[in-house]
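Shown below: start.csv, with CSV, C-alpha atoms.
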```
chain,number,residue,atom,x,y,z
E,1,GLN,CA,51.7,-28.1,-12.0
E,2,GLU,CA,48.0,-27.8,-12.8
E,3,ILE,CA,44.6,-27.1,-11.3
E,4,VAL,CA,41.7,-29.2,-12.8
E,5,THR,CA,38.1,-28.1,-12.4
E,6,HIS,CA,35.5,-30.8,-12.8
E,7,LEU,CA,32.4,-29.2,-11.3
E,8,TYR,CA,31.1,-25.7,-11.7
E,9,ILE,CA,29.7,-24.3,-8.5
E,10,GLY,CA,30.1,-21.1,-6.5
E,11,SER,CA,33.2,-21.9,-4.4
E,12,GLU,CA,36.7,-21.0,-3.2
E,13,ALA,CA,39.6,-23.4,-3.1
E,14,THR,CA,43.2,-22.8,-2.1
E,15,PHE,CA,46.2,-24.9,-3.4
E,16,THR,CA,49.9,-25.0,-2.5
E,17,LEU,CA,51.9,-24.9,-5.7
E,18,GLY,CA,55.6,-24.3,-6.0
E,19,GLY,CA,55.9,-23.2,-2.4
E,20,GLY,CA,53.2,-20.6,-2.7
E,21,GLU,CA,49.4,-20.5,-2.4
E,22,VAL,CA,47.0,-20.1,-5.2
E,23,THR,CA,43.3,-19.5,-4.6
E,24,LEU,CA,40.7,-20.2,-7.3
E,25,VAL,CA,37.4,-18.4,-6.8
E,26,GLN,CA,34.3,-19.6,-8.7
E,27,GLU,CA,31.2,-17.4,-9.2
E,28,THR,CA,28.3,-19.0,-11.0
E,29,ASP,CA,24.5,-19.8,-11.0
E,30,TYR,CA,25.2,-23.0,-12.9
E,31,PRO,CA,23.3,-25.2,-13.8
E,32,TRP,CA,20.6,-22.5,-14.2
E,33,ASP,CA,22.9,-20.1,-16.0
E,34,GLY,CA,25.8,-21.1,-18.3
E,35,VAL,CA,28.2,-18.3,-17.2
E,36,VAL,CA,31.1,-19.3,-14.9
E,37,CYS,CA,33.6,-16.7,-13.7
E,38,MET,CA,36.9,-17.8,-12.2
E,39,ARG,CA,39.4,-15.5,-10.5
E,40,LEU,CA,42.9,-16.4,-9.4
E,41,LYS,CA,44.4,-15.0,-6.1
E,42,MET,CA,48.1,-15.3,-5.4
E,43,ASP,CA,50.9,-13.3,-3.9
E,44,GLN,CA,53.0,-13.3,-7.1
E,45,PRO,CA,52.8,-14.6,-10.7
E,46,CYS,CA,52.8,-18.3,-11.1
E,47,ASN,CA,53.2,-20.7,-14.0
E,48,LEU,CA,50.5,-23.4,-14.1
E,49,THR,CA,48.0,-25.1,-16.3
E,50,LEU,CA,44.3,-24.4,-15.5
E,51,LYS,CA,42.1,-27.2,-16.9
E,52,LEU,CA,38.4,-26.5,-17.2
E,53,ARG,CA,36.0,-29.4,-18.0
E,54,TYR,CA,34.1,-29.0,-21.3
E,55,PRO,CA,30.7,-30.7,-20.5
E,56,GLY,CA,29.6,-33.4,-22.8
E,57,TRP,CA,26.1,-31.9,-23.1
E,58,CYS,CA,27.5,-28.6,-24.4
E,59,GLN,CA,27.3,-27.9,-28.1
E,60,GLU,CA,28.5,-24.3,-28.0
E,61,ALA,CA,30.6,-22.3,-25.6
E,62,ARG,CA,32.8,-19.2,-25.4
E,63,CYS,CA,35.8,-18.5,-23.3
E,64,TYR,CA,37.3,-15.2,-22.2
E,65,LEU,CA,40.7,-14.5,-20.5
E,66,ASN,CA,40.8,-11.1,-18.8
E,67,GLY,CA,38.0,-10.0,-21.2
E,68,ASP,CA,39.7,-11.2,-24.4
E,69,ALA,CA,38.0,-14.0,-26.3
E,70,ILE,CA,40.2,-17.1,-26.8
E,71,SER,CA,39.6,-20.1,-29.1
E,72,ILE,CA,38.3,-23.1,-27.2
E,73,GLY,CA,39.2,-25.4,-30.1
E,74,ASP,CA,42.9,-24.4,-29.8
E,75,HIS,CA,43.0,-25.3,-26.1
E,76,LEU,CA,40.7,-28.4,-26.0
E,77,GLU,CA,42.5,-31.5,-24.7
E,78,ASP,CA,40.7,-34.7,-23.7
E,79,GLY,CA,37.5,-32.9,-22.8
E,80,TYR,CA,39.2,-30.0,-20.9
E,81,ILE,CA,40.0,-26.4,-21.9
E,82,SER,CA,43.7,-26.3,-21.0
E,83,LEU,CA,45.1,-22.9,-20.3
E,84,ASP,CA,48.9,-23.1,-19.8
E,85,ARG,CA,50.5,-19.7,-19.0
E,86,GLN,CA,52.0,-17.5,-16.4
E,87,TRP,CA,49.1,-16.3,-14.2
E,88,ALA,CA,49.0,-13.0,-12.4
E,89,PRO,CA,47.0,-12.0,-9.3
E,90,GLY,CA,43.5,-11.1,-10.3
E,91,ASP,CA,43.5,-12.9,-13.7
E,92,GLU,CA,40.0,-14.0,-14.6
E,93,VAL,CA,38.6,-16.7,-16.9
E,94,ARG,CA,35.0,-16.4,-18.0
E,95,LEU,CA,33.1,-19.4,-19.5
E,96,GLN,CA,29.8,-19.1,-21.2
E,97,PHE,CA,28.0,-22.3,-22.0
E,98,VAL,CA,25.1,-21.9,-24.3
E,99,MET,CA,22.1,-23.5,-22.5
E,100,THR,CA,19.4,-24.1,-25.1
E,101,VAL,CA,16.8,-26.8,-24.7
E,102,ALA,CA,17.9,-29.9,-26.4
E,103,ARG,CA,15.8,-32.9,-27.6
E,104,VAL,CA,17.2,-36.3,-26.7
E,105,TYR,CA,16.4,-39.5,-28.5
E,106,ALA,CA,17.0,-43.1,-27.3
E,107,HIS,CA,18.6,-45.8,-29.4
E,108,PRO,CA,16.0,-47.3,-31.7
E,109,LYS,CA,16.4,-50.7,-30.1
E,110,VAL,CA,14.9,-49.2,-26.9
E,111,LYS,CA,11.4,-50.0,-28.1
E,112,ALA,CA,9.6,-48.3,-25.2
E,113,ASN,CA,11.1,-44.9,-26.2
E,114,ARG,CA,10.9,-45.3,-30.0
E,115,GLY,CA,9.1,-42.3,-31.4
E,116,ARG,CA,9.5,-40.4,-28.1
E,117,VAL,CA,11.7,-37.5,-27.0
E,118,ALA,CA,13.2,-36.3,-23.8
E,119,LEU,CA,14.2,-32.7,-22.9
E,120,MET,CA,17.4,-31.4,-21.5
E,121,ARG,CA,18.7,-28.0,-20.6
E,122,GLY,CA,22.3,-27.8,-19.8
E,123,PRO,CA,23.3,-30.8,-17.7
E,124,LEU,CA,19.7,-31.4,-16.4
E,125,VAL,CA,17.1,-33.9,-17.7
E,126,TYR,CA,13.5,-32.7,-17.4
E,127,CYS,CA,10.2,-34.3,-16.9
E,128,LEU,CA,6.5,-33.5,-16.8
E,129,GLU,CA,4.4,-34.0,-13.6
E,130,GLY,CA,0.7,-34.4,-13.4
E,131,VAL,CA,0.4,-31.6,-10.8
E,132,ASP,CA,1.3,-29.0,-13.4
E,133,HIS,CA,-1.1,-30.1,-16.1
E,134,GLN,CA,-4.9,-30.3,-16.6
E,135,GLU,CA,-4.5,-32.9,-19.3
E,136,PRO,CA,-3.5,-36.5,-18.5
E,137,LEU,CA,0.2,-36.9,-19.3
E,138,GLU,CA,-0.6,-39.9,-21.6
E,139,ALA,CA,-2.7,-37.6,-23.7
E,140,LEU,CA,0.1,-35.3,-24.6
E,141,THR,CA,2.2,-35.3,-27.8
E,142,LEU,CA,5.1,-32.9,-28.5
E,143,PRO,CA,5.3,-31.5,-32.0
E,144,ARG,CA,8.7,-31.6,-33.6
E,145,ASP,CA,8.6,-27.9,-34.4
E,146,ALA,CA,7.5,-26.8,-30.9
E,147,GLY,CA,9.5,-24.0,-29.5
E,148,PHE,CA,10.5,-23.7,-25.8
E,149,ASP,CA,10.5,-20.9,-23.2
E,150,CYS,CA,12.6,-21.1,-20.1
E,151,GLN,CA,11.9,-19.3,-16.8
E,152,PHE,CA,13.6,-19.3,-13.5
E,153,GLU,CA,11.1,-19.7,-10.7
E,154,PRO,CA,12.7,-19.0,-7.3
E,155,ASP,CA,9.6,-20.1,-5.3
E,156,LEU,CA,9.2,-23.5,-7.0
E,157,LEU,CA,11.0,-26.6,-5.6
E,158,GLY,CA,13.7,-24.5,-4.0
E,159,GLY,CA,14.3,-22.4,-7.1
E,160,VAL,CA,14.4,-24.1,-10.5
E,161,THR,CA,14.3,-23.2,-14.2
E,162,THR,CA,11.2,-24.6,-15.9
E,163,ILE,CA,10.6,-25.3,-19.6
E,164,GLN,CA,7.3,-24.3,-21.2
E,165,ALA,CA,6.0,-25.4,-24.6
E,166,THR,CA,2.8,-25.9,-26.5
E,167,ALA,CA,2.0,-29.6,-27.0
E,168,LYS,CA,-1.0,-31.3,-28.5
E,169,ALA,CA,-3.6,-33.3,-26.4
E,170,VAL,CA,-6.2,-35.8,-27.4
E,171,ASP,CA,-9.5,-36.1,-25.5
E,172,LEU,CA,-9.3,-39.4,-23.6
E,173,THR,CA,-12.7,-38.8,-22.0
E,174,ASP,CA,-14.8,-38.9,-25.2
E,175,GLU,CA,-16.8,-42.1,-24.8
E,176,ASP,CA,-18.7,-41.5,-28.0
E,177,GLN,CA,-15.6,-41.9,-30.2
E,178,PRO,CA,-15.7,-45.2,-32.2
E,179,LEU,CA,-13.1,-47.8,-31.3
E,180,TYR,CA,-11.8,-47.5,-34.9
E,181,GLN,CA,-12.2,-44.7,-37.4
E,182,ARG,CA,-10.9,-43.5,-40.7
E,183,THR,CA,-9.8,-40.1,-39.7
E,184,PRO,CA,-7.0,-39.1,-37.3
E,185,THR,CA,-8.0,-38.4,-33.7
E,186,LYS,CA,-8.6,-34.7,-33.2
E,187,THR,CA,-6.1,-32.8,-31.0
E,188,ARG,CA,-6.1,-29.4,-29.3
E,189,PRO,CA,-3.2,-27.2,-28.1
E,190,ALA,CA,-2.1,-27.8,-24.5
E,191,LYS,CA,0.5,-25.9,-22.5
E,192,ILE,CA,3.1,-28.0,-20.8
E,193,THR,CA,5.6,-27.3,-18.1
E,194,ALA,CA,8.7,-29.4,-17.5
E,195,ILE,CA,10.7,-29.4,-14.3
E,196,PRO,CA,14.2,-30.8,-13.6
E,197,TYR,CA,13.9,-34.6,-13.2
E,198,TYR,CA,15.7,-34.6,-9.9
E,199,ALA,CA,13.0,-32.4,-8.3
E,200,TRP,CA,9.9,-34.6,-9.1
E,201,ASP,CA,7.6,-36.1,-6.5
E,202,ASN,CA,8.1,-33.3,-4.0
E,203,ARG,CA,4.6,-31.9,-4.3
E,204,GLU,CA,1.3,-33.8,-4.9
E,205,PRO,CA,1.3,-37.5,-5.7
E,206,GLY,CA,0.6,-38.1,-9.4
E,207,ALA,CA,1.9,-39.1,-12.8
E,208,MET,CA,5.4,-38.3,-14.1
E,209,ARG,CA,6.8,-38.7,-17.6
E,210,VAL,CA,10.3,-38.1,-19.1
E,211,TRP,CA,9.8,-39.5,-22.6
E,212,LEU,CA,7.0,-37.8,-24.6
E,213,PRO,CA,5.6,-39.0,-27.9
E,214,GLU,CA,6.9,-36.8,-30.7
E,215,GLU,CA,4.7,-35.7,-33.6
E,216,CYS,CA,6.5,-35.3,-36.9
```

Any chance you could give the structure as structure tokens?
Amino acid sequence: QEIVTHLYIGSEATFTLGGGEVTLVQETDYPWDGVVCMRLKMDQPCNLTLKLRYPGWCQEARCYLNGDAISIGDHLEDGYISLDRQWAPGDEVRLQFVMTVARVYAHPKVKANRGRVALMRGPLVYCLEGVDHQEPLEALTLPRDAGFDCQFEPDLLGGVTTIQATAKAVDLTDEDQPLYQRTPTKTRPAKITAIPYYAWDNREPGAMRVWLPEEC
């Protein structure tokens, strides 16, 4: 008998296993935070397999059973962390998914996105909206060595984590610039803010961009 967890969200679910009831309690702020705590409630010890999904986006994670670290690699089966044991009331599993900002690149045959990059944090794809920027979005280029800062903003779009970085912007309003020239176009630093893609178009009308030109 087994319990399989596909989604991580604060919740409580009760199962009937072997004639008894087992309740799995999940506590987490996922997808904003990578920590997921699960506690088992039952009247008496129970043998079962607890399977916890290992997300495809995740490159690094840690797992603790009642405070003791366990090797995820030793328990990974078909994309799930499989924990087969006799569980006791109050047993706790703690997952910690490392949620750094990741750069994502399209297949080179996707010509529209060649030389461009998208941003992800955890399971969420991010985008830029015009409402957050003074520069036109088409003027922005993201340097390959740009760092990222993340901040949870409870009053923005129902509460989201944003990504901030320093990009480069060209001046698209300079009418005196020659049509062709022998020197690269000058750029200036420009702060950018990315929001989760699912939340765009909930403020002012304006431009949106997922794929940004990347400067080598």

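Minimum atom-to-atom distances from E:Asp29, E:Asp145, E:Asp132, E:Glu204 to E:Cys216 were compared using all atoms listed in the file, and the lowest value belongs to E:Asp145.
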
Legend entry - Computed interatomic separation between atom CA of E:Ile72 and atom CA of E:Arg103 (Å):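 Interatomic distance, atom CA of E:Ile72 to atom CA of E:Arg103: 24.5 Å.
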
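Between atom CA of E:Pro154 and atom CA of E:Gln59 there is a distance of 26.9 Å.
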
Legend entry - Radius query 7 Å about (49.6, -23.1, -14.6), atoms used: all atoms listed in the file, as a ChimeraX atom specification: /E:1-2,46-50,84-87

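With distances restricted to only C-alpha atoms, E:Glu92 is the closest residue to E:Tyr64 from E:Glu92, E:Asp33, E:Glu21, E:Asp78.
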
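Neighbours of E:Leu140 closer than or equal to 12 Å, with all atoms listed in the file counted and sequence neighbours fewer than 6 positions away skipped, come out as Arg116, Leu128, Glu129, Gly130, His133, Gln134, Ala165, Thr166, Ala167, Lys168, Ala169, Val170, Asp171, Leu172, Thr187, Arg188, Pro189, Ala190, Lys191, Ile192, Thr193, Arg209, Val210, Trp211, Leu212, Pro213, Glu214 and Glu215 of chain E.
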
Inset, instruction - Give the answer as one residue: which of E:Trp200, E:Met38, E:Glu135, E:Gln44 has the shortest atom-to-atom distance to E:Thr173, using only C-alpha atoms? - result: E:Glu135
